[in-house]
$ cat coords_5.tsv   # TSV, C-alpha atoms and all ligand atoms
chain	number	residue	atom	x	y	z
E	1	MET	CA	-24.70	-8.26	-27.30
E	2	LYS	CA	-21.73	-8.57	-24.98
E	3	GLN	CA	-21.29	-5.99	-22.27
E	4	VAL	CA	-18.50	-3.56	-23.04
E	5	ILE	CA	-15.76	-2.57	-20.61
E	6	LEU	CA	-13.51	0.44	-20.99
E	7	THR	CA	-10.89	1.26	-18.46
E	8	GLY	CA	-7.73	3.32	-18.41
E	9	ASP	CA	-4.42	3.95	-16.72
E	10	ARG	CA	-2.52	7.21	-16.79
E	11	PRO	CA	1.08	6.59	-17.84
E	12	THR	CA	2.71	8.73	-15.17
E	13	GLY	CA	4.69	5.87	-13.63
E	14	LYS	CA	4.98	2.13	-13.41
E	15	LEU	CA	2.04	0.29	-11.87
E	16	HIS	CA	2.27	-1.04	-8.31
E	17	ILE	CA	0.62	-3.78	-6.28
E	18	GLY	CA	-2.07	-1.30	-5.19
E	19	HIS	CA	-3.08	-1.05	-8.84
E	20	PHE	CA	-2.88	-4.82	-9.06
E	21	VAL	CA	-5.38	-5.59	-6.30
E	22	GLY	CA	-7.47	-2.47	-6.90
E	23	ALA	CA	-7.91	-2.94	-10.64
E	24	LEU	CA	-5.59	-5.14	-12.66
E	25	ARG	CA	-6.40	-8.59	-11.29
E	26	GLN	CA	-10.15	-8.02	-11.73
E	27	ARG	CA	-9.45	-6.67	-15.20
E	28	VAL	CA	-7.69	-9.89	-16.13
E	29	ASP	CA	-10.47	-12.03	-14.61
E	30	MET	CA	-13.09	-10.13	-16.58
E	31	GLN	CA	-11.04	-10.56	-19.74
E	32	ASN	CA	-10.67	-14.29	-19.17
E	33	SER	CA	-14.34	-14.82	-18.39
E	34	GLY	CA	-14.99	-14.21	-22.08
E	35	GLU	CA	-18.20	-12.40	-21.16
E	36	TYR	CA	-17.10	-8.92	-22.13
E	37	ASP	CA	-15.76	-6.92	-24.97
E	38	MET	CA	-12.85	-5.20	-23.27
E	39	PHE	CA	-10.88	-2.03	-24.05
E	40	VAL	CA	-7.88	-0.98	-21.98
E	41	MET	CA	-6.66	2.50	-22.74
E	42	ILE	CA	-3.37	4.08	-21.84
E	43	ALA	CA	-4.54	7.59	-21.03
E	44	ASP	CA	-1.52	9.56	-22.16
E	45	GLN	CA	-3.57	12.55	-23.24
E	46	GLN	CA	-5.22	12.76	-19.85
E	47	ALA	CA	-1.81	12.41	-18.17
E	48	LEU	CA	-0.64	15.42	-20.18
E	49	THR	CA	-3.38	17.59	-18.65
E	50	ASP	CA	-1.28	17.88	-15.52
E	51	ASN	CA	2.12	17.08	-17.04
E	52	ALA	CA	2.19	19.34	-20.09
E	53	ARG	CA	5.62	20.65	-19.13
E	54	ASP	CA	7.07	17.19	-18.71
E	55	PRO	CA	5.91	15.23	-21.77
E	56	GLN	CA	9.00	13.02	-21.63
E	57	LYS	CA	7.67	11.49	-18.42
E	58	ILE	CA	4.51	10.41	-20.22
E	59	ARG	CA	6.45	9.10	-23.23
E	60	ASN	CA	8.74	7.12	-20.96
E	61	ASN	CA	5.89	5.53	-19.07
E	62	LEU	CA	3.69	4.61	-22.00
E	63	LEU	CA	5.50	1.35	-22.67
E	64	GLU	CA	6.01	0.72	-18.95
E	65	VAL	CA	2.28	0.77	-18.32
E	66	ALA	CA	1.64	-1.34	-21.41
E	67	MET	CA	4.19	-3.88	-20.15
E	68	ASP	CA	2.60	-3.91	-16.69
E	69	ASN	CA	-0.74	-4.76	-18.27
E	70	LEU	CA	0.73	-7.49	-20.46
E	71	ALA	CA	2.72	-8.89	-17.55
E	72	VAL	CA	-0.34	-9.39	-15.35
E	73	GLY	CA	-2.15	-11.22	-18.11
E	74	ILE	CA	-3.85	-8.73	-20.42
E	75	ASP	CA	-3.90	-10.64	-23.69
E	76	PRO	CA	-3.96	-8.55	-26.87
E	77	GLU	CA	-5.81	-11.39	-28.60
E	78	LYS	CA	-8.70	-10.91	-26.20
E	79	THR	CA	-8.48	-7.28	-25.15
E	80	THR	CA	-8.01	-4.12	-27.18
E	81	LEU	CA	-5.03	-2.41	-25.56
E	82	PHE	CA	-4.61	1.03	-27.09
E	83	VAL	CA	-3.21	4.55	-26.74
E	84	GLN	CA	-5.60	7.43	-26.10
E	85	SER	CA	-3.76	10.05	-28.15
E	86	ALA	CA	-3.87	7.75	-31.19
E	87	ILE	CA	-7.66	8.07	-31.35
E	88	PRO	CA	-8.53	11.45	-32.92
E	89	ALA	CA	-12.29	10.88	-32.54
E	90	LEU	CA	-11.85	11.33	-28.78
E	91	TYR	CA	-10.78	14.93	-29.26
E	92	GLU	CA	-13.80	15.76	-31.35
E	93	LEU	CA	-16.23	14.02	-29.01
E	94	THR	CA	-14.71	16.05	-26.17
E	95	ILE	CA	-15.44	19.27	-28.04
E	96	HIS	CA	-19.07	18.27	-28.61
E	97	TYR	CA	-19.56	17.33	-24.96
E	98	GLN	CA	-17.95	20.53	-23.68
E	99	ASN	CA	-21.06	22.40	-24.69
E	100	LEU	CA	-23.17	20.29	-22.36
E	101	VAL	CA	-21.33	20.99	-19.12
E	102	ASN	CA	-21.17	24.21	-17.18
E	103	LEU	CA	-18.07	25.50	-15.49
E	104	GLY	CA	-19.53	25.47	-11.97
E	105	ARG	CA	-20.34	21.78	-12.23
E	106	LEU	CA	-16.73	21.02	-13.14
E	107	GLN	CA	-15.38	23.20	-10.35
E	108	ARG	CA	-17.60	21.44	-7.81
E	109	ASN	CA	-16.50	17.93	-8.79
E	110	PRO	CA	-15.02	16.52	-5.55
E	111	THR	CA	-12.31	14.51	-7.32
E	112	ILE	CA	-11.18	17.49	-9.34
E	113	LYS	CA	-11.23	19.71	-6.25
E	114	THR	CA	-9.00	17.30	-4.36
E	115	GLU	CA	-6.66	16.79	-7.29
E	116	ILE	CA	-6.31	20.55	-7.83
E	117	ARG	CA	-5.27	20.88	-4.19
E	118	GLU	CA	-2.85	17.95	-4.39
E	119	ARG	CA	-1.14	19.42	-7.42
E	120	GLY	CA	-0.98	22.97	-6.09
E	121	PHE	CA	-3.17	24.18	-8.99
E	122	GLU	CA	-5.36	26.43	-6.78
E	123	LYS	CA	-4.03	29.64	-8.32
E	124	SER	CA	-3.90	28.47	-11.89
E	125	VAL	CA	-5.49	25.27	-13.06
E	126	PRO	CA	-4.90	24.18	-16.66
E	127	VAL	CA	-8.20	24.24	-18.58
E	128	GLY	CA	-7.53	20.76	-19.89
E	129	PHE	CA	-7.12	19.45	-16.36
E	130	LEU	CA	-10.32	21.01	-15.07
E	131	THR	CA	-12.19	19.57	-18.02
E	132	TYR	CA	-10.75	16.06	-18.02
E	133	PRO	CA	-14.05	14.59	-16.81
E	134	ILE	CA	-15.49	15.70	-20.17
E	135	ALA	CA	-12.69	14.02	-22.09
E	136	GLN	CA	-13.28	10.94	-19.98
E	137	ALA	CA	-16.92	10.90	-21.09
E	138	ALA	CA	-15.55	10.83	-24.63
E	139	ASP	CA	-13.25	7.89	-23.79
E	140	ILE	CA	-16.11	5.89	-22.36
E	141	THR	CA	-18.87	6.67	-24.84
E	142	ALA	CA	-16.65	6.27	-27.92
E	143	PHE	CA	-16.54	2.54	-27.18
E	144	ASN	CA	-20.18	2.22	-26.03
E	145	ALA	CA	-18.86	1.02	-22.70
E	146	ASN	CA	-21.51	0.24	-20.13
E	147	LEU	CA	-19.02	-0.89	-17.47
E	148	VAL	CA	-16.08	1.20	-16.31
E	149	PRO	CA	-13.73	-0.27	-13.71
E	150	VAL	CA	-12.21	2.58	-11.70
E	151	GLY	CA	-10.77	3.40	-8.30
E	152	GLU	CA	-13.08	4.78	-5.61
E	153	ASP	CA	-11.59	8.25	-6.06
E	154	GLN	CA	-12.95	8.29	-9.62
E	155	LEU	CA	-16.64	7.86	-8.73
E	156	PRO	CA	-17.48	11.58	-8.97
E	157	ILE	CA	-15.88	11.68	-12.43
E	158	LEU	CA	-18.04	8.75	-13.54
E	159	GLU	CA	-21.12	10.45	-12.13
E	160	GLN	CA	-20.37	13.53	-14.19
E	161	ASP	CA	-19.84	11.36	-17.27
E	162	ARG	CA	-23.23	9.75	-16.73
E	163	GLU	CA	-24.76	13.21	-16.57
E	164	ILE	CA	-23.14	14.14	-19.88
E	165	VAL	CA	-24.60	11.03	-21.49
E	166	ARG	CA	-28.08	11.77	-20.13
E	167	THR	CA	-27.90	15.38	-21.27
E	168	PHE	CA	-26.71	14.41	-24.72
E	169	ASN	CA	-29.38	11.76	-25.15
E	170	SER	CA	-32.15	14.05	-23.93
E	171	ILE	CA	-31.23	16.71	-26.45
E	172	TYR	CA	-30.15	14.69	-29.47
E	173	GLY	CA	-31.83	11.29	-29.00
E	174	GLU	CA	-30.66	8.00	-27.53
E	175	VAL	CA	-27.20	7.72	-29.05
E	176	LEU	CA	-24.82	7.25	-26.14
E	177	VAL	CA	-24.61	4.37	-23.66
E	178	GLU	CA	-24.78	5.36	-20.00
E	179	PRO	CA	-21.87	3.77	-18.15
E	180	GLU	CA	-21.70	2.28	-14.70
E	181	ALA	CA	-18.65	2.27	-12.44
E	182	VAL	CA	-17.22	-1.06	-11.33
E	183	LEU	CA	-15.20	-1.15	-8.10
E	184	ALA	CA	-12.88	-3.89	-6.90
E	185	THR	CA	-14.98	-6.49	-5.09
E	186	ASP	CA	-12.57	-6.71	-2.13
E	187	GLU	CA	-13.12	-3.50	-0.18
E	188	LYS	CA	-9.75	-3.60	1.56
E	189	ALA	CA	-8.08	-3.95	-1.84
E	190	ARG	CA	-9.63	-0.71	-3.09
E	191	ARG	CA	-7.40	1.26	-0.82
E	192	LEU	CA	-4.14	-0.56	-0.31
E	193	PRO	CA	-1.94	1.53	2.00
E	194	GLY	CA	1.65	2.35	1.19
E	195	ILE	CA	4.48	0.69	3.08
E	196	ARG	CA	4.99	3.52	5.58
E	197	GLY	CA	1.61	3.66	7.29
E	198	ILE	CA	-2.04	2.80	7.06
E	199	ASP	CA	-3.24	6.37	6.43
E	200	ASP	CA	-1.63	6.92	3.04
E	201	LYS	CA	-2.85	5.03	0.04
E	202	MET	CA	-0.09	3.50	-2.08
E	203	SER	CA	0.75	6.12	-4.68
E	204	LYS	CA	3.44	7.05	-7.13
E	205	SER	CA	3.72	10.57	-5.76
E	206	LEU	CA	4.23	9.44	-2.14
E	207	ASN	CA	6.98	7.02	-3.09
E	208	ASN	CA	5.55	4.35	-0.81
E	209	GLY	CA	4.85	1.62	-3.33
E	210	ILE	CA	5.90	-1.88	-4.25
E	211	TYR	CA	6.04	-2.06	-8.02
E	212	LEU	CA	5.24	-4.93	-10.35
E	213	ALA	CA	8.64	-4.30	-11.88
E	214	ASP	CA	10.53	-4.43	-8.54
E	215	ASP	CA	13.03	-7.27	-8.24
E	216	ALA	CA	12.84	-9.78	-5.40
E	217	GLU	CA	15.51	-8.03	-3.34
E	218	THR	CA	13.71	-4.68	-3.58
E	219	VAL	CA	10.42	-6.28	-2.54
E	220	ARG	CA	12.17	-7.85	0.45
E	221	GLN	CA	13.70	-4.53	1.51
E	222	LYS	CA	10.39	-2.70	1.21
E	223	VAL	CA	8.54	-5.31	3.26
E	224	MET	CA	11.26	-5.21	5.90
E	225	GLU	CA	10.80	-1.40	6.13
E	226	MET	CA	7.05	-1.74	6.42
E	227	TYR	CA	5.13	-0.02	9.23
E	228	THR	CA	3.81	-2.44	11.86
E	229	ASP	CA	2.88	-1.54	15.44
E	230	PRO	CA	5.28	1.02	16.96
E	231	ASP	CA	4.47	-0.26	20.47
E	232	HIS	CA	5.43	-3.81	19.59
E	233	ILE	CA	9.03	-3.51	20.63
E	234	ARG	CA	10.04	-6.86	22.08
E	235	VAL	CA	8.91	-10.12	20.53
E	236	THR	CA	7.11	-10.93	23.79
E	237	ASP	CA	5.07	-7.68	23.71
E	238	PRO	CA	1.46	-8.00	22.63
E	239	GLY	CA	0.97	-6.37	19.21
E	240	LYS	CA	-1.85	-4.65	17.35
E	241	ILE	CA	-3.30	-5.94	14.08
E	242	ASP	CA	-5.39	-2.84	13.35
E	243	GLY	CA	-3.32	-0.21	11.62
E	244	ASN	CA	-0.55	-2.72	11.01
E	245	VAL	CA	0.36	-2.56	7.34
E	246	VAL	CA	1.86	-6.06	7.23
E	247	PHE	CA	-1.35	-7.67	8.44
E	248	TYR	CA	-3.41	-5.44	6.14
E	249	TYR	CA	-1.40	-6.80	3.20
E	250	LEU	CA	-1.81	-10.36	4.42
E	251	ASP	CA	-5.61	-9.86	4.52
E	252	VAL	CA	-5.53	-8.67	0.92
E	253	PHE	CA	-2.90	-10.99	-0.55
E	254	ALA	CA	-3.59	-14.13	1.51
E	255	PRO	CA	-7.29	-13.94	2.38
E	256	ASN	CA	-8.69	-16.86	4.38
E	257	ASP	CA	-5.21	-18.25	4.94
E	258	PRO	CA	-5.36	-20.24	8.22
E	259	HIS	CA	-1.68	-19.53	8.89
E	260	VAL	CA	-2.43	-15.79	8.88
E	261	ALA	CA	-5.26	-16.33	11.37
E	262	GLU	CA	-2.87	-18.21	13.65
E	263	MET	CA	-0.22	-15.53	13.35
E	264	LYS	CA	-2.74	-12.82	14.23
E	265	GLU	CA	-3.69	-14.63	17.39
E	266	GLN	CA	-0.11	-15.11	18.42
E	267	TYR	CA	0.83	-11.52	17.56
E	268	ARG	CA	-2.00	-10.14	19.68
E	269	ALA	CA	-1.05	-12.32	22.61
E	270	GLY	CA	2.66	-11.55	22.33
E	271	GLY	CA	5.46	-13.85	21.27
E	272	LEU	CA	5.55	-13.32	17.55
E	273	GLY	CA	8.18	-11.04	16.03
E	274	ASP	CA	7.58	-8.63	13.14
E	275	VAL	CA	10.33	-10.23	11.10
E	276	THR	CA	8.61	-13.62	11.13
E	277	VAL	CA	5.36	-12.07	9.89
E	278	LYS	CA	7.24	-10.08	7.28
E	279	GLU	CA	9.04	-13.18	6.03
E	280	TYR	CA	5.68	-14.80	5.46
E	281	LEU	CA	4.37	-11.75	3.60
E	282	ILE	CA	7.45	-11.80	1.38
E	283	GLU	CA	6.73	-15.43	0.56
E	284	VAL	CA	3.12	-14.62	-0.31
E	285	LEU	CA	4.08	-11.63	-2.45
E	286	GLU	CA	6.82	-13.53	-4.25
E	287	LYS	CA	4.41	-16.26	-5.26
E	288	LEU	CA	2.31	-13.60	-6.92
E	289	LEU	CA	5.05	-11.37	-8.29
E	290	ALA	CA	7.64	-13.83	-9.61
E	291	PRO	CA	5.60	-14.93	-12.66
E	292	ILE	CA	4.55	-11.33	-13.38
E	293	ARG	CA	8.16	-10.21	-13.19
E	294	GLU	CA	9.20	-12.99	-15.55
E	295	LYS	CA	6.57	-12.07	-18.12
E	296	ARG	CA	7.49	-8.41	-17.81
E	297	ALA	CA	11.16	-9.24	-18.42
E	298	TYR	CA	10.15	-10.86	-21.70
E	299	TYR	CA	8.53	-7.64	-22.93
E	300	GLU	CA	11.27	-5.40	-21.53
E	301	THR	CA	13.67	-6.91	-24.05
E	302	ARG	CA	11.10	-6.58	-26.87
E	303	PRO	CA	9.85	-2.98	-26.95
E	304	ASP	CA	9.05	-3.26	-30.65
E	305	GLU	CA	6.65	-6.08	-29.95
E	306	VAL	CA	4.92	-3.93	-27.31
E	307	ARG	CA	4.68	-1.00	-29.72
E	308	ALA	CA	3.20	-3.30	-32.38
E	309	ILE	CA	0.55	-4.50	-29.91
E	310	LEU	CA	-0.38	-0.89	-29.09
E	311	ARG	CA	-0.48	0.06	-32.72
E	312	ALA	CA	-2.77	-2.83	-33.68
E	313	GLY	CA	-5.00	-2.13	-30.67
E	314	SER	CA	-5.19	1.55	-31.55
E	315	GLU	CA	-6.25	0.71	-35.10
E	316	LYS	CA	-9.09	-1.44	-33.80
E	317	ALA	CA	-10.06	1.23	-31.29
E	318	ASN	CA	-10.11	3.88	-34.01
E	319	ALA	CA	-12.63	1.95	-36.05
E	320	VAL	CA	-15.02	1.71	-33.10
E	321	ALA	CA	-14.56	5.33	-31.99
E	322	ASN	CA	-15.05	6.67	-35.51
E	323	THR	CA	-18.39	4.89	-35.78
E	324	THR	CA	-19.59	6.52	-32.56
E	325	LEU	CA	-18.29	9.89	-33.66
E	326	GLN	CA	-20.26	9.64	-36.88
E	327	LYS	CA	-23.43	8.88	-34.92
E	328	VAL	CA	-22.77	11.88	-32.69
E	329	ARG	CA	-22.21	14.18	-35.66
E	330	ASP	CA	-25.39	12.92	-37.28
E	331	ALA	CA	-27.37	13.38	-34.07
E	332	ILE	CA	-26.18	16.97	-33.62
E	333	GLY	CA	-26.58	17.64	-37.30
E	334	VAL	CA	-23.04	18.69	-38.11
E	335	ASN	CA	-23.00	16.45	-41.19
E	336	TYR	CA	-23.80	18.91	-43.95
E	337	PHE	CA	-21.99	16.99	-46.63
E	338	GLY	CA	-23.43	13.57	-45.83
E	339	SER	CA	-22.22	11.17	-43.17
F	1	LIG	N1	-9.01	9.07	-14.78
F	1	LIG	C1	-8.53	7.72	-14.70
F	1	LIG	C2	-7.54	7.64	-13.55
F	1	LIG	O1	-7.05	8.64	-13.08
F	1	LIG	C3	-7.87	7.25	-15.98
F	1	LIG	C4	-8.84	7.26	-17.13
F	1	LIG	C5	-8.81	8.07	-18.22
F	1	LIG	C6	-9.96	6.42	-17.26
F	1	LIG	N2	-9.86	7.82	-19.04
F	1	LIG	C7	-10.58	6.79	-18.49
F	1	LIG	C8	-10.51	5.38	-16.49
F	1	LIG	C9	-11.74	6.17	-18.92
F	1	LIG	C10	-11.67	4.78	-16.93
F	1	LIG	C11	-12.27	5.17	-18.14
F	1	LIG	O2	-7.23	6.55	-13.11

$ encode --input "coords_5.tsv" --output "structure tokens"
Amino acid sequence: MKQVILTGDRPTGKLHIGHFVGALRQRVDMQNSGEYDMFVMIADQQALTDNARDPQKIRNNLLEVAMDNLAVGIDPEKTTLFVQSAIPALYELTIHYQNLVNLGRLQRNPTIKTEIRERGFEKSVPVGFLTYPIAQAADITAFNANLVPVGEDQLPILEQDREIVRTFNSIYGEVLVEPEAVLATDEKARRLPGIRGIDDKMSKSLNNGIYLADDAETVRQKVMEMYTDPDHIRVTDPGKIDGNVVFYYLDVFAPNDPHVAEMKEQYRAGGLGDVTVKEYLIEVLEKLLAPIREKRAYYETRPDEVRAILRAGSEKANAVANTTLQKVRDAIGVNYFGS
């Protein structure tokens, strides 16, 4: 049996190069290795748990996120790309798993605690938001996924999902597959900073990102604005590499590049201007982004084709999820009229 991968993106905005190095490029490599059965889910239902009052935002970004995936190389012939809300079995699985988790455990989940703070939900947190780790256990188990690529911030969610699986299996028998998190292999890539400083991770909400959909001129402008070393004022001044966003990006996007090593040496010693380093970064990024942008442009003019891909993927995903749901119903014994 092939190993099964399930991973998801919330459609709350277009995907950026932080997503690319933190998740997407490995996703495409895993797809192309042919060693896995891969499901990529657009988690619109989960996105609604903290955007219930702005559903249009989720609708608008559904196709954007699908196009980002297709543009970087997700191939619907090889990967099942589908929409979460189109899979009714996920809702029912969520209900069954809710009975296996206590409220305190959810409230103590470090990811949820942080996200509640970030969203200003301290006074009133939507029930669906607090309980999204349970729905995520449904997403993962429905497809018998044993591998789940996620960002570092998601590890506590995955741990809770593993607990749900163990609890279910200990009560009802070995039905569910216990998943394992998969992180990006390049540690620096797991936490790509935004353009304005090393401390903030690139994120939609901070408006500090370079997007896969950005045109060449926008990429250039953003790189030119990028935070470097505030004490590196004259070209002749010695500069710092640590904390310098431009060099951080070069480590991630041009690893082991001898020209970068040379530039670092010269920058430290003094005599290398920020603009020269930035020009090189732009070159490196353009090499990566130009083909992605081109592929994305193809889909941008063909939304019906994208919708058809999602619809076909969702049909396939439904068949798999319904089989798991039936097993779950049988195991619990809520199958009074036959399975
Ligand atoms: N919670 C994930 C995120 O914020 C998205 C997601 C939803 C997901 N369901 C999933 C990821 C299942 C992996 C598996 O990025």

$ residues_around --input "coords_5.tsv" --residues "region 156-166 of chain E" --least-positions-apart "5" --cutoff "8 Å" --atoms "all atoms listed in the file" --output "PyMOL selection string"
chain E and resi 97+100-101+109-111+133-134+136-137+141+176-181

$ residues_near_point --input "coords_5.tsv" --point "(9.9, -8.3, 4.1)" --cutoff "6 Å" --atoms "all atoms listed in the file" --output "list of chain:residue names"
E:Arg220, E:Gln221, E:Val223, E:Met224, E:Lys278, E:Glu279, E:Ile282

$ residues_around --input "coords_5.tsv" --residues "region 264-275 of chain E" --least-positions-apart "4" --cutoff "9 Å" --atoms "only C-alpha atoms" --output "ChimeraX atom specification"
/E:224,228-229,232-241,246-247,259-260,279-280

$ residues_near_point --input "coords_5.tsv" --point "(-5.2, 7.3, -21.2)" --cutoff "6 Å" --atoms "all atoms listed in the file" --output "list in words"
Gly8, Asp9, Arg10, Met41, Ile42, Ala43, Asp44, Gln45, Gln46 and Gln84 of chain E

$ atom_distance --input "coords_5.tsv" --atom1 "CA of Tyr298 (chain E)" --atom2 "CA of Leu24 (chain E)"
19.0 Å

$ axis_aligned_box --input "coords_5.tsv" --around "region 269-286 of chain E" --padding-each-side "4 Å" --output "lines of an AutoDock Vina configuration file"
center_x = 4.6
center_y = -12.0
center_z = 9.2
size_x = 19.4
size_y = 14.8
size_z = 34.9

$ atom_distance --input "coords_5.tsv" --atom1 "CA of Thr185 (chain E)" --atom2 "CA of Val21 (chain E)"
9.7 Å

$ closest_residue --input "coords_5.tsv" --among "E:Asp231, E:Asp139, E:Asp304, E:Glu187" --to "ligand LIG 1 (chain F)" --atoms "all atoms listed in the file"
E:Asp139

$ closest_residue --input "coords_5.tsv" --among "E:Val65, E:Leu206, E:Ala47, E:Ala135" --to "Ala89 (chain E)" --atoms "only C-alpha atoms"
E:Ala135

$ atom_distance --input "coords_5.tsv" --atom1 "CA of Pro303 (chain E)" --atom2 "CA of Asp29 (chain E)"
25.4 Å

$ closest_residue --input "coords_5.tsv" --among "E:Tyr172, E:Tyr249, E:Phe39, E:Phe337" --to "ligand LIG 1 (chain F)" --atoms "all atoms listed in the file"
E:Phe39

$ residues_around --input "coords_5.tsv" --residues "Val125 (chain E)" --least-positions-apart "6" --cutoff "10 Å" --atoms "all atoms listed in the file" --output "mmCIF file with C-alpha atoms, in the coordinates of the input"
data_model
loop_
_atom_site.group_PDB
_atom_site.id
_atom_site.type_symbol
_atom_site.label_atom_id
_atom_site.label_comp_id
_atom_site.auth_asym_id
_atom_site.auth_seq_id
_atom_site.Cartn_x
_atom_site.Cartn_y
_atom_site.Cartn_z
ATOM 1 C CA THR E 49 -3.380 17.590 -18.650
ATOM 2 C CA ASP E 50 -1.280 17.880 -15.520
ATOM 3 C CA ILE E 116 -6.310 20.550 -7.830
ATOM 4 C CA ARG E 117 -5.270 20.880 -4.190
ATOM 5 C CA ARG E 119 -1.140 19.420 -7.420
#

$ closest_residue --input "coords_5.tsv" --among "E:Arg59, E:Arg296, E:Arg190, E:Lys2" --to "Val252 (chain E)" --atoms "only C-alpha atoms"
E:Arg190

$ residues_around --input "coords_5.tsv" --residues "Ala189 (chain E)" --least-positions-apart "3" --cutoff "10 Å" --atoms "only C-alpha atoms" --output "PyMOL selection string"
chain E and resi 17-23+183-186+192-193+248-249+251-253

$ closest_residue --input "coords_5.tsv" --among "E:Thr131, E:Asn51, E:Ser124, E:Arg196" --to "Gly104 (chain E)" --atoms "all atoms listed in the file"
E:Thr131

$ closest_residue --input "coords_5.tsv" --among "E:Asp54, E:Glu64, E:Glu77, E:Asp200" --to "Asp37 (chain E)" --atoms "only C-alpha atoms"
E:Glu77

$ residues_around --input "coords_5.tsv" --residues "Met1 (chain E)" --least-positions-apart "4" --cutoff "12 Å" --atoms "all atoms listed in the file" --output "VMD selection string"
chain E and resid 35 to 37 144 to 146

$ decode --input "coords_5.tsv" --residues "region 43-48 of chain E" --atoms "all heavy atoms" --output "PDB file, in the first residue's frame"
ATOM      1  N   ALA E  43      -9.311  24.215   2.459  1.00  0.00           N
ATOM      2  CA  ALA E  43     -10.059  24.126   3.716  1.00  0.00           C
ATOM      3  C   ALA E  43     -10.974  25.332   3.888  1.00  0.00           C
ATOM      4  O   ALA E  43     -10.790  26.155   4.784  1.00  0.00           O
ATOM      5  CB  ALA E  43      -9.079  23.983   4.879  1.00  0.00           C
ATOM      6  N   ASP E  44     -11.979  25.409   3.049  1.00  0.00           N
ATOM      7  CA  ASP E  44     -12.885  26.565   3.115  1.00  0.00           C
ATOM      8  C   ASP E  44     -13.739  26.527   4.377  1.00  0.00           C
ATOM      9  O   ASP E  44     -14.006  27.556   4.991  1.00  0.00           O
ATOM     10  CB  ASP E  44     -13.764  26.653   1.853  1.00  0.00           C
ATOM     11  CG  ASP E  44     -14.650  25.446   1.666  1.00  0.00           C
ATOM     12  OD1 ASP E  44     -14.264  24.338   2.099  1.00  0.00           O
ATOM     13  OD2 ASP E  44     -15.749  25.600   1.088  1.00  0.00           O
ATOM     14  N   GLN E  45     -14.140  25.320   4.770  1.00  0.00           N
ATOM     15  CA  GLN E  45     -14.979  25.218   5.959  1.00  0.00           C
ATOM     16  C   GLN E  45     -14.198  25.666   7.200  1.00  0.00           C
ATOM     17  O   GLN E  45     -14.715  26.398   8.032  1.00  0.00           O
ATOM     18  CB  GLN E  45     -15.470  23.767   6.107  1.00  0.00           C
ATOM     19  CG  GLN E  45     -16.618  23.599   7.066  1.00  0.00           C
ATOM     20  CD  GLN E  45     -17.798  24.477   6.689  1.00  0.00           C
ATOM     21  OE1 GLN E  45     -18.167  24.554   5.522  1.00  0.00           O
ATOM     22  NE2 GLN E  45     -18.377  25.147   7.672  1.00  0.00           N
ATOM     23  N   GLN E  46     -12.942  25.237   7.263  1.00  0.00           N
ATOM     24  CA  GLN E  46     -12.128  25.673   8.400  1.00  0.00           C
ATOM     25  C   GLN E  46     -11.910  27.194   8.357  1.00  0.00           C
ATOM     26  O   GLN E  46     -11.923  27.860   9.383  1.00  0.00           O
ATOM     27  CB  GLN E  46     -10.788  24.954   8.430  1.00  0.00           C
ATOM     28  CG  GLN E  46     -10.041  25.262   9.702  1.00  0.00           C
ATOM     29  CD  GLN E  46      -8.729  24.509   9.827  1.00  0.00           C
ATOM     30  OE1 GLN E  46      -7.675  25.082   9.659  1.00  0.00           O
ATOM     31  NE2 GLN E  46      -8.799  23.223  10.130  1.00  0.00           N
ATOM     32  N   ALA E  47     -11.732  27.735   7.159  1.00  0.00           N
ATOM     33  CA  ALA E  47     -11.530  29.186   7.041  1.00  0.00           C
ATOM     34  C   ALA E  47     -12.769  29.940   7.519  1.00  0.00           C
ATOM     35  O   ALA E  47     -12.669  31.049   8.046  1.00  0.00           O
ATOM     36  CB  ALA E  47     -11.203  29.556   5.599  1.00  0.00           C
ATOM     37  N   LEU E  48     -13.936  29.330   7.361  1.00  0.00           N
ATOM     38  CA  LEU E  48     -15.166  29.987   7.818  1.00  0.00           C
ATOM     39  C   LEU E  48     -15.282  30.016   9.342  1.00  0.00           C
ATOM     40  O   LEU E  48     -16.048  30.814   9.884  1.00  0.00           O
ATOM     41  CB  LEU E  48     -16.394  29.298   7.219  1.00  0.00           C
ATOM     42  CG  LEU E  48     -16.682  29.644   5.743  1.00  0.00           C
ATOM     43  CD1 LEU E  48     -17.701  28.666   5.155  1.00  0.00           C
ATOM     44  CD2 LEU E  48     -17.188  31.071   5.606  1.00  0.00           C
TER      45      LEU E  48
END
